[in-house]
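Peer 1: You'll find model_21.txt just under this line, and it carries compact mmCIF, C-alpha atoms.
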# COMPACT_ATOMS: atom_id res chain seq x y z
CA MET A 6 94.12 21.53 35.76
CA PRO A 7 97.31 22.90 37.29
CA VAL A 8 97.03 24.12 40.86
CA PRO A 9 97.68 27.88 41.03
CA PRO A 10 100.67 28.80 43.15
CA VAL A 11 99.97 29.93 46.69
CA PRO A 12 100.80 33.66 46.97
CA PRO A 13 103.65 34.38 49.37
CA VAL A 14 102.71 35.63 52.83
CA PRO A 15 103.54 39.34 53.08
CA HIS A 16 105.54 40.90 55.88
CA ARG A 17 103.11 42.47 58.33
CA VAL A 18 103.96 46.08 59.21
CA VAL A 19 102.10 48.02 61.89
CA ILE A 20 102.73 51.77 62.20
CA VAL A 21 101.47 53.34 65.42
CA ALA A 22 100.22 56.93 65.23
CA PHE A 23 98.67 59.33 67.73
CA ALA A 24 97.44 62.92 67.84
CA GLY A 25 100.09 65.37 66.63
CA THR A 26 102.16 62.73 64.84
CA GLU A 27 104.27 63.98 61.97
CA LEU A 28 102.46 62.91 58.80
CA MET A 29 105.55 61.73 56.94
CA ASP A 30 106.64 59.63 59.92
CA VAL A 31 103.73 57.40 58.95
CA THR A 32 103.34 57.85 55.21
CA GLY A 33 107.07 57.85 54.37
CA PRO A 34 107.90 54.31 55.52
CA ALA A 35 104.47 53.11 54.35
CA GLU A 36 105.22 54.32 50.82
CA VAL A 37 108.63 52.63 50.78
CA PHE A 38 107.09 49.30 51.77
CA SER A 39 104.29 49.79 49.23
CA VAL A 40 106.66 50.53 46.35
CA ALA A 41 108.91 47.62 47.35
CA THR A 42 105.87 45.32 47.24
CA ARG A 43 104.95 46.47 43.74
CA VAL A 44 108.53 46.16 42.50
CA ALA A 45 108.94 42.70 44.06
CA GLY A 46 105.98 41.33 42.10
CA VAL A 47 103.61 38.51 42.97
CA THR A 48 106.23 35.80 43.34
CA ARG A 49 107.97 37.35 46.33
CA PRO A 50 106.50 38.36 49.70
CA GLY A 51 105.88 42.06 49.92
CA TYR A 52 104.50 44.09 52.80
CA LEU A 53 101.07 44.54 54.32
CA VAL A 54 101.04 47.92 56.09
CA ARG A 55 98.43 48.82 58.68
CA ILE A 56 98.06 52.01 60.74
CA ALA A 57 97.05 51.58 64.39
CA THR A 58 95.83 54.20 66.84
CA ALA A 59 94.84 53.88 70.48
CA ASP A 60 91.10 53.56 69.82
CA GLY A 61 91.16 52.74 66.13
CA GLY A 62 89.80 56.15 65.26
CA PRO A 63 91.33 58.87 63.07
CA VAL A 64 94.06 61.13 64.39
CA THR A 65 94.98 64.64 63.30
CA THR A 66 98.64 64.97 62.40
CA SER A 67 100.87 67.98 63.03
CA SER A 68 100.12 69.24 59.51
CA GLY A 69 96.38 69.13 60.11
CA VAL A 70 95.87 66.15 57.79
CA ARG A 71 93.72 63.43 59.38
CA LEU A 72 94.90 59.83 59.25
CA LEU A 73 92.37 57.01 59.21
CA ALA A 74 93.44 54.00 61.24
CA ASP A 75 93.03 50.40 60.15
CA LEU A 76 92.77 49.04 63.66
CA SER A 77 93.08 49.89 67.35
CA LEU A 78 96.05 48.93 69.47
CA ASP A 79 93.96 46.25 71.17
CA GLU A 80 93.22 44.75 67.76
CA VAL A 81 96.88 44.17 66.92
CA HIS A 82 96.97 40.40 67.33
CA GLY A 83 99.26 37.70 66.03
CA ARG A 84 102.76 38.02 64.71
CA VAL A 85 103.93 41.48 63.72
CA ASP A 86 106.98 41.46 61.51
CA THR A 87 107.79 45.17 61.80
CA LEU A 88 106.34 47.45 64.47
CA LEU A 89 107.04 51.15 63.97
CA VAL A 90 106.06 54.08 66.16
CA ALA A 91 105.82 57.58 64.72
CA GLY A 92 106.90 60.67 66.61
CA ALA A 93 105.53 64.07 67.49
CA VAL A 94 107.03 67.30 68.82
CA GLU A 95 105.54 70.52 70.10
CA LEU A 96 107.01 74.01 70.16
CA VAL A 97 107.89 75.18 73.66
CA GLY A 98 109.36 78.68 73.80
CA ASP A 99 112.27 78.77 71.38
CA GLY A 100 112.72 75.00 71.33
CA VAL A 101 110.86 71.78 70.74
CA GLU A 102 109.77 69.05 73.11
CA PRO A 103 108.98 65.43 72.21
CA VAL A 104 105.40 64.35 72.78
CA ILE A 105 105.10 61.18 74.88
CA ASP A 106 101.74 59.49 74.46
CA GLY A 107 101.22 57.51 77.67
CA GLU A 108 98.70 55.07 76.20
CA VAL A 109 100.97 54.18 73.29
CA THR A 110 103.99 53.88 75.57
CA ALA A 111 102.21 51.48 77.91
CA TRP A 112 101.06 49.37 74.95
CA LEU A 113 104.58 49.24 73.49
CA ARG A 114 105.96 47.65 76.65
CA GLU A 115 103.80 44.61 76.01
CA ALA A 116 103.48 44.56 72.22
CA ALA A 117 106.99 45.44 71.04
CA PRO A 118 109.05 42.53 72.47
CA PRO A 119 107.24 39.79 70.46
CA ALA A 120 107.67 41.69 67.17
CA ARG A 121 110.46 40.50 64.92
CA ARG A 122 111.62 44.05 64.41
CA THR A 123 110.76 47.28 66.24
CA GLY A 124 111.56 50.80 65.13
CA SER A 125 110.83 54.47 65.64
CA ILE A 126 110.72 57.43 63.32
CA CYS A 127 112.04 60.80 64.45
CA ALA A 128 110.87 61.62 68.00
CA GLY A 129 109.18 58.23 68.23
CA ALA A 130 112.44 57.13 69.85
CA HIS A 131 111.31 58.93 73.00
CA LEU A 132 108.32 56.59 73.24
CA LEU A 133 110.50 53.51 72.77
CA ALA A 134 112.83 54.82 75.47
CA ALA A 135 109.95 55.60 77.83
CA ALA A 136 108.77 52.00 77.34
CA GLY A 137 112.25 50.74 78.33
CA LEU A 138 112.91 49.30 74.89
CA LEU A 139 116.14 51.23 74.26
CA ASP A 140 117.90 50.51 77.56
CA GLY A 141 121.46 49.36 76.92
CA LEU A 142 121.17 50.08 73.18
CA SER A 143 122.53 52.68 70.80
CA ALA A 144 119.85 54.94 69.39
CA THR A 145 119.30 58.15 67.51
CA THR A 146 116.48 60.66 67.03
CA HIS A 147 116.00 64.10 65.55
CA TRP A 148 119.00 66.27 66.34
CA LEU A 149 116.78 68.85 68.03
CA THR A 150 115.62 66.38 70.70
CA ALA A 151 118.68 64.12 70.95
CA ALA A 152 120.07 65.92 74.01
CA ARG A 153 116.70 65.54 75.74
CA LEU A 154 116.62 61.82 74.95
CA ALA A 155 120.11 61.37 76.43
CA ALA A 156 119.24 63.39 79.55
CA ASP A 157 115.94 61.62 80.19
CA HIS A 158 117.29 58.12 79.51
CA PRO A 159 120.91 57.75 80.64
CA ARG A 160 120.83 54.00 79.93
CA VAL A 161 120.43 54.74 76.21
CA ALA A 162 123.60 55.40 74.20
CA VAL A 163 122.31 58.34 72.15
CA ASP A 164 124.22 59.24 68.99
CA PRO A 165 122.70 62.38 67.44
CA ASP A 166 124.47 62.15 64.08
CA PRO A 167 123.46 58.99 62.15
CA ILE A 168 120.46 58.98 59.83
CA PHE A 169 119.42 55.70 61.45
CA ILE A 170 120.83 53.11 63.86
CA ARG A 171 120.12 49.41 64.09
CA SER A 172 120.74 47.81 67.49
CA GLY A 173 119.83 44.16 67.10
CA SER A 174 116.13 44.04 66.32
CA VAL A 175 115.52 47.66 67.35
CA TRP A 176 115.89 50.46 64.83
CA THR A 177 115.76 54.22 65.40
CA CYS A 178 116.09 57.03 62.91
CA ALA A 179 116.40 60.78 62.75
CA GLY A 180 113.95 63.35 61.49
CA VAL A 181 111.01 62.70 59.17
CA THR A 182 112.59 61.83 55.78
CA SER A 183 115.14 59.55 57.44
CA GLY A 184 112.20 57.21 58.01
CA LEU A 185 112.35 56.50 54.28
CA ASP A 186 116.06 55.68 54.55
CA MET A 187 115.43 53.31 57.45
CA ALA A 188 112.53 51.60 55.69
CA LEU A 189 114.68 51.15 52.59
CA ALA A 190 117.38 49.52 54.72
CA MET A 191 114.73 47.18 56.13
CA VAL A 192 113.74 46.24 52.58
CA ALA A 193 117.39 45.47 51.85
CA GLU A 194 117.57 43.29 54.96
CA ASP A 195 114.41 41.40 54.01
CA HIS A 196 114.85 41.05 50.25
CA GLY A 197 118.40 42.02 49.36
CA GLN A 198 120.14 45.07 47.97
CA ALA A 199 118.81 44.60 44.43
CA LEU A 200 115.18 45.15 45.46
CA ALA A 201 116.17 48.06 47.70
CA LEU A 202 117.99 49.64 44.76
CA ALA A 203 115.02 49.12 42.46
CA THR A 204 112.71 50.65 45.09
CA ALA A 205 115.03 53.63 45.54
CA ARG A 206 115.12 54.21 41.80
CA MET A 207 111.34 54.11 41.61
CA MET A 208 111.10 56.69 44.41
CA VAL A 209 114.07 58.78 43.16
CA MET A 210 115.89 58.22 46.44
CA TYR A 211 119.45 57.58 47.51
CA VAL A 212 119.93 53.96 48.53
CA LYS A 213 122.29 55.27 51.20
CA ARG A 214 122.75 58.93 51.98
CA SER A 215 126.26 60.18 52.67
CA GLY A 216 126.95 61.85 55.98
CA GLY A 217 124.66 62.26 58.94
CA GLN A 218 122.29 64.65 60.68
CA SER A 219 125.03 67.20 61.19
CA GLN A 220 124.63 68.03 57.49
CA PHE A 221 121.16 69.33 58.34
CA SER A 222 121.54 70.69 61.87
CA VAL A 223 122.89 74.00 63.08
CA PRO A 224 125.86 73.31 65.37
CA LEU A 225 125.81 76.83 66.80
CA SER A 226 122.30 76.51 68.18
CA ALA A 227 123.21 76.95 71.88
CA PRO A 228 121.26 79.97 73.18
CA VAL A 229 123.08 83.25 73.64
CA THR A 230 122.66 85.22 76.86
CA SER A 231 123.06 88.96 76.61
CA GLY A 232 125.83 90.33 78.81
CA ASP A 233 127.60 86.98 79.20
CA ARG A 234 131.29 87.44 78.28
CA ILE A 235 131.62 84.08 76.58
CA ASP A 236 128.40 84.54 74.65
CA ASP A 237 129.40 88.04 73.60
CA LEU A 238 132.64 86.50 72.34
CA ARG A 239 130.73 83.86 70.39
CA LEU A 240 128.79 86.61 68.61
CA TRP A 241 132.05 88.43 67.87
CA ILE A 242 133.61 85.25 66.48
CA ALA A 243 130.77 84.87 63.97
CA ASP A 244 131.61 88.32 62.53
CA HIS A 245 135.41 87.85 62.49
CA LEU A 246 135.94 84.35 61.11
CA THR A 247 138.98 85.29 59.03
CA GLU A 248 140.91 86.75 61.97
CA ASP A 249 143.23 85.01 64.43
CA LEU A 250 140.86 82.92 66.54
CA THR A 251 143.33 80.78 68.43
CA ALA A 252 142.66 80.16 72.11
CA GLU A 253 145.54 82.50 72.91
CA ALA A 254 144.08 85.33 70.84
CA LEU A 255 140.57 84.85 72.22
CA ALA A 256 141.82 84.68 75.80
CA ALA A 257 143.78 87.90 75.29
CA ARG A 258 140.63 89.58 73.99
CA LEU A 259 138.92 88.81 77.32
CA HIS A 260 142.08 89.63 79.32
CA LEU A 261 142.21 86.09 80.73
CA SER A 262 144.86 83.45 80.90
CA VAL A 263 144.50 80.74 78.26
CA ARG A 264 143.87 78.12 80.94
CA HIS A 265 141.15 80.14 82.70
CA PHE A 266 139.54 81.14 79.41
CA SER A 267 139.47 77.55 78.12
CA ARG A 268 137.86 76.36 81.37
CA LEU A 269 135.16 79.06 81.25
CA PHE A 270 134.50 78.39 77.58
CA ARG A 271 134.04 74.68 78.17
CA LEU A 272 131.69 75.32 81.11
CA ARG A 273 129.55 77.63 78.95
CA THR A 274 129.55 75.69 75.66
CA ASN A 275 130.51 72.14 76.67
CA GLY A 276 133.35 72.25 74.12
CA THR A 277 136.76 73.69 73.40
CA PRO A 278 137.39 77.09 71.77
CA ALA A 279 139.07 75.37 68.82
CA ALA A 280 136.10 73.08 68.21
CA TYR A 281 133.69 76.00 68.40
CA VAL A 282 135.70 78.12 65.98
CA GLU A 283 135.85 75.25 63.50
CA SER A 284 132.08 74.77 63.81
CA ALA A 285 131.49 78.48 63.21
CA ARG A 286 133.76 78.48 60.16
CA LEU A 287 132.19 75.29 58.86
CA GLU A 288 128.71 76.79 59.26
CA ALA A 289 129.81 79.81 57.24
CA ALA A 290 131.29 77.55 54.56
CA ARG A 291 128.01 75.63 54.36
CA ARG A 292 126.03 78.82 53.82
CA LEU A 293 128.44 79.97 51.11
CA LEU A 294 128.19 76.64 49.32
CA GLU A 295 124.40 76.77 49.50
CA GLU A 296 123.91 80.41 48.54
CA SER A 297 126.87 81.57 46.43
CA ASP A 298 128.73 80.63 43.27
CA GLY A 299 132.12 81.06 44.93
CA SER A 300 134.86 78.57 44.10
CA LEU A 301 136.14 76.24 46.79
CA PRO A 302 139.27 78.38 47.37
CA GLU A 303 137.03 81.45 47.75
CA VAL A 304 134.72 79.64 50.16
CA ALA A 305 137.68 78.39 52.21
CA ALA A 306 139.11 81.89 52.45
CA ALA A 307 135.84 83.70 53.22
CA SER A 308 134.85 81.22 55.94
CA GLY A 309 138.21 81.45 57.68
CA LEU A 310 139.14 77.83 57.00
CA GLY A 311 141.97 79.10 54.84
CA SER A 312 142.72 76.38 52.32
CA VAL A 313 140.74 73.92 50.23
CA GLU A 314 142.58 71.11 52.01
CA THR A 315 141.35 72.34 55.39
CA LEU A 316 137.85 72.80 53.96
CA HIS A 317 137.83 69.19 52.74
CA ARG A 318 139.15 67.83 56.05
CA SER A 319 136.53 69.71 58.07
CA PHE A 320 133.66 68.53 55.85
CA GLN A 321 134.82 64.93 55.88
CA ARG A 322 135.41 64.86 59.63
CA ARG A 323 132.33 66.80 60.73
CA LEU A 324 129.78 66.02 58.01
CA GLY A 325 131.01 62.84 56.37
CA THR A 326 130.90 64.34 52.87
CA THR A 327 132.88 66.62 50.56
CA PRO A 328 132.24 70.32 49.90
CA ALA A 329 131.37 69.59 46.26
CA GLU A 330 128.90 66.85 47.19
CA TYR A 331 127.36 69.09 49.86
CA ARG A 332 126.84 71.87 47.31
CA ARG A 333 125.24 69.47 44.82
CA ARG A 334 122.76 68.24 47.41
CA PHE A 335 121.86 71.50 49.20
CA ARG A 336 122.32 74.25 46.62
Can you give me the file's structure in the form of structure tokens?
Peer 2:
Amino acid sequence: MPVPPVPPVPHRVVIVAFAGTELMDVTGPAEVFSVATRVAGVTRPGYLVRIATADGGPVTTSSGVRLLADLSLDEVHGRVDTLLVAGAVELVGDGVEPVIDGEVTAWLREAAPPARRTGSICAGAHLLAAAGLLDGLSATTHWLTAARLAADHPRVAVDPDPIFIRSGSVWTCAGVTSGLDMALAMVAEDHGQALALATARMMVMYVKRSGGQSQFSVPLSAPVTSGDRIDDLRLWIADHLTEDLTAEALAARLHLSVRHFSRLFRLRTNGTPAAYVESARLEAARRLLEESDGSLPEVAAASGLGSVETLHRSFQRRLGTTPAEYRRRFR
């Protein structure tokens, strides 16, 4: 009788979760690997995904859904092909703070280096950084905590815009759903673009999303302080986008020289007046594309960008996409 073929050895994936973890940080990549395994069939190695927690017990995610673990951190033995750590954030005042689980961080220092590939989803990058695994590397995380990651870990080259970044064997990605994008890229690396495309079709996903996190973030999110001259001006700008907003005109409004005004503005906002005005106009254009039926010339005029050509240049430079594509995706 013929000897049945030996089934291929699957790629071993371990996803680390802890209390407060975002549910999709875990289930998103797990589903991508699961679908890729089913699409690949029995003749090609798929993925074996396991969820690990500190004690092997269940954890309650940020949504209140409880995750059952397959094993404890101490039970993660042998070769791990892909080691992923989920993230968690908590609301503090008007902002968010990444949650750093000390037990997971300490374990990562020892367990991550032997893995063939290590990655984080969303604020999980803060745990990789705390474990020293991002030193000297480029990395990204959710745009809301990217500045905190850069401040806490100056040896990490933080880029807040990409959906995900690969630095050698270490991968980091942005918020929640970008974990699916990163996992899909890992499938492409392991099995080729054809399987990644088939997986994306099965999940009704983009194989590669255009643009970066700036398509989703609010660039004008710096807090406003009542009574501050520069902040009062920022509020005025938002209501007068179609007026003359050159540095000269804005400086004259505050009765300052252009040089002194530009210096104060940079100290307060960490950017130039021109860059801020463009961001404000671009934000207005985004809202109009999302919420109105206005034509591109009408959107360009109402947002203060003036022409369709300027609208296109701003979207391509700042968001990495076109106004029409943005409207199709976010309308």
Peer 1: What separation in Å, quoted to one decimal, exists between CA of Leu294 (chain A) and CA of Asp249 (chain A)?
Peer 2: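 Distance reported for this atom pair: 22.9 Å.
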Peer 1: Please tell me which residues are no farther than 9 Å from (101.3, 53.3, 56.6) in the file, counting all atoms listed in the file, and write them as a PDB file with C-alpha atoms, in the coordinates of the input.
Peer 2:
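Contents of selection_26.pdb, freshly written:
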ATOM      1  CA  VAL A  18     103.960  46.080  59.210  1.00  0.00           C
ATOM      2  CA  VAL A  19     102.100  48.020  61.890  1.00  0.00           C
ATOM      3  CA  ILE A  20     102.730  51.770  62.200  1.00  0.00           C
ATOM      4  CA  VAL A  21     101.470  53.340  65.420  1.00  0.00           C
ATOM      5  CA  ASP A  30     106.640  59.630  59.920  1.00  0.00           C
ATOM      6  CA  VAL A  31     103.730  57.400  58.950  1.00  0.00           C
ATOM      7  CA  THR A  32     103.340  57.850  55.210  1.00  0.00           C
ATOM      8  CA  GLY A  33     107.070  57.850  54.370  1.00  0.00           C
ATOM      9  CA  PRO A  34     107.900  54.310  55.520  1.00  0.00           C
ATOM     10  CA  ALA A  35     104.470  53.110  54.350  1.00  0.00           C
ATOM     11  CA  GLU A  36     105.220  54.320  50.820  1.00  0.00           C
ATOM     12  CA  PHE A  38     107.090  49.300  51.770  1.00  0.00           C
ATOM     13  CA  SER A  39     104.290  49.790  49.230  1.00  0.00           C
ATOM     14  CA  VAL A  54     101.040  47.920  56.090  1.00  0.00           C
ATOM     15  CA  ARG A  55      98.430  48.820  58.680  1.00  0.00           C
ATOM     16  CA  ILE A  56      98.060  52.010  60.740  1.00  0.00           C
TER      17      ILE A  56
END
Peer 1: Which is closer to Glu194 (chain A) than all the others in A:Arg323, A:Leu272, A:Cys127, A:Arg122, using all atoms listed in the file?
Peer 2: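 When distances to Glu194 (chain A) are compared using all atoms listed in the file, the smallest one comes from A:Arg122.
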Peer 1: Tell me which of A:Glu283, A:Leu76, A:Glu253, A:Gly299 sits closest to Arg318 (chain A), counting all atoms listed in the file.
Peer 2: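 Between A:Glu283, A:Leu76, A:Glu253, A:Gly299, the residue approaching Arg318 (chain A) most closely is A:Glu283.
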Peer 1: Measuring atom to atom with all atoms listed in the file, identify which of A:Ala290, A:Thr204, A:Gly309, A:Ala41 is nearest to Thr251 (chain A).
Peer 2: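 Nearest to Thr251 (chain A): A:Gly309.
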Peer 1: Using the incomplete input, complete region 84-120 of chain A to the level of N, CA and C atoms; output as a CSV table (one decimal), in the frame of the given file.
Peer 2:
chain,number,residue,atom,x,y,z
A,84,ARG,N,101.4,37.6,64.9
A,84,ARG,CA,102.8,38.0,64.7
A,84,ARG,C,102.8,39.3,63.9
A,85,VAL,N,103.6,40.2,64.4
A,85,VAL,CA,103.9,41.5,63.7
A,85,VAL,C,105.4,41.4,63.3
A,86,ASP,N,105.6,41.5,62.0
A,86,ASP,CA,107.0,41.5,61.5
A,86,ASP,C,107.8,42.7,61.8
A,87,THR,N,107.1,43.9,61.6
A,87,THR,CA,107.8,45.2,61.8
A,87,THR,C,106.8,46.1,62.5
A,88,LEU,N,107.2,46.5,63.7
A,88,LEU,CA,106.3,47.4,64.5
A,88,LEU,C,107.1,48.8,64.6
A,89,LEU,N,106.4,49.8,64.0
A,89,LEU,CA,107.0,51.2,64.0
A,89,LEU,C,106.2,52.1,64.7
A,90,VAL,N,106.8,53.0,65.5
A,90,VAL,CA,106.1,54.1,66.2
A,90,VAL,C,106.5,55.4,65.6
A,91,ALA,N,105.5,56.2,65.2
A,91,ALA,CA,105.8,57.6,64.7
A,91,ALA,C,106.1,58.5,65.9
A,92,GLY,N,106.6,59.7,65.6
A,92,GLY,CA,106.9,60.7,66.6
A,92,GLY,C,106.1,62.0,66.5
A,93,ALA,N,106.2,62.8,67.5
A,93,ALA,CA,105.5,64.1,67.5
A,93,ALA,C,106.3,65.0,68.4
A,94,VAL,N,106.4,66.3,68.0
A,94,VAL,CA,107.0,67.3,68.8
A,94,VAL,C,106.1,68.5,68.9
A,95,GLU,N,106.3,69.3,70.0
A,95,GLU,CA,105.5,70.5,70.1
A,95,GLU,C,106.5,71.7,70.4
A,96,LEU,N,106.2,72.8,69.9
A,96,LEU,CA,107.0,74.0,70.2
A,96,LEU,C,106.8,74.5,71.6
A,97,VAL,N,107.9,74.7,72.3
A,97,VAL,CA,107.9,75.2,73.7
A,97,VAL,C,108.9,76.3,73.7
A,98,GLY,N,108.4,77.5,73.8
A,98,GLY,CA,109.4,78.7,73.8
A,98,GLY,C,110.1,78.7,72.5
A,99,ASP,N,111.4,78.7,72.6
A,99,ASP,CA,112.3,78.8,71.4
A,99,ASP,C,112.7,77.4,71.0
A,100,GLY,N,112.3,76.4,71.7
A,100,GLY,CA,112.7,75.0,71.3
A,100,GLY,C,111.6,74.1,71.0
A,101,VAL,N,111.9,72.8,71.0
A,101,VAL,CA,110.9,71.8,70.7
A,101,VAL,C,111.0,70.7,71.8
A,102,GLU,N,109.8,70.1,72.1
A,102,GLU,CA,109.8,69.0,73.1
A,102,GLU,C,109.1,67.8,72.5
A,103,PRO,N,109.6,66.6,72.7
A,103,PRO,CA,109.0,65.4,72.2
A,103,PRO,C,107.7,65.2,72.9
A,104,VAL,N,106.7,64.7,72.2
A,104,VAL,CA,105.4,64.4,72.8
A,104,VAL,C,105.4,62.9,73.2
A,105,ILE,N,105.1,62.6,74.4
A,105,ILE,CA,105.1,61.2,74.9
A,105,ILE,C,103.7,60.8,75.1
A,106,ASP,N,103.1,60.0,74.3
A,106,ASP,CA,101.7,59.5,74.5
A,106,ASP,C,101.8,58.3,75.4
A,107,GLY,N,101.2,58.5,76.6
A,107,GLY,CA,101.2,57.5,77.7
A,107,GLY,C,100.5,56.2,77.3
A,108,GLU,N,99.4,56.3,76.6
A,108,GLU,CA,98.7,55.1,76.2
A,108,GLU,C,99.5,54.2,75.2
A,109,VAL,N,100.1,54.9,74.3
A,109,VAL,CA,101.0,54.2,73.3
A,109,VAL,C,102.2,53.6,74.0
A,110,THR,N,102.8,54.4,74.9
A,110,THR,CA,104.0,53.9,75.6
A,110,THR,C,103.7,52.6,76.4
A,111,ALA,N,102.6,52.6,77.1
A,111,ALA,CA,102.2,51.5,77.9
A,111,ALA,C,102.0,50.3,77.0
A,112,TRP,N,101.3,50.5,75.9
A,112,TRP,CA,101.1,49.4,75.0
A,112,TRP,C,102.4,48.8,74.4
A,113,LEU,N,103.3,49.7,74.1
A,113,LEU,CA,104.6,49.2,73.5
A,113,LEU,C,105.3,48.3,74.4
A,114,ARG,N,105.2,48.5,75.7
A,114,ARG,CA,106.0,47.6,76.6
A,114,ARG,C,105.6,46.2,76.5
A,115,GLU,N,104.3,46.0,76.2
A,115,GLU,CA,103.8,44.6,76.0
A,115,GLU,C,103.9,44.1,74.6
A,116,ALA,N,103.6,45.0,73.6
A,116,ALA,CA,103.5,44.6,72.2
A,116,ALA,C,104.8,44.5,71.5
A,117,ALA,N,105.8,45.4,71.8
A,117,ALA,CA,107.0,45.4,71.0
A,117,ALA,C,107.9,44.2,71.2
A,118,PRO,N,108.1,43.7,72.4
A,118,PRO,CA,109.0,42.5,72.5
A,118,PRO,C,108.7,41.3,71.6
A,119,PRO,N,107.5,40.9,71.3
A,119,PRO,CA,107.2,39.8,70.5
A,119,PRO,C,107.5,40.1,69.0
A,120,ALA,N,107.5,41.4,68.6
A,120,ALA,CA,107.7,41.7,67.2
A,120,ALA,C,109.1,41.3,66.7
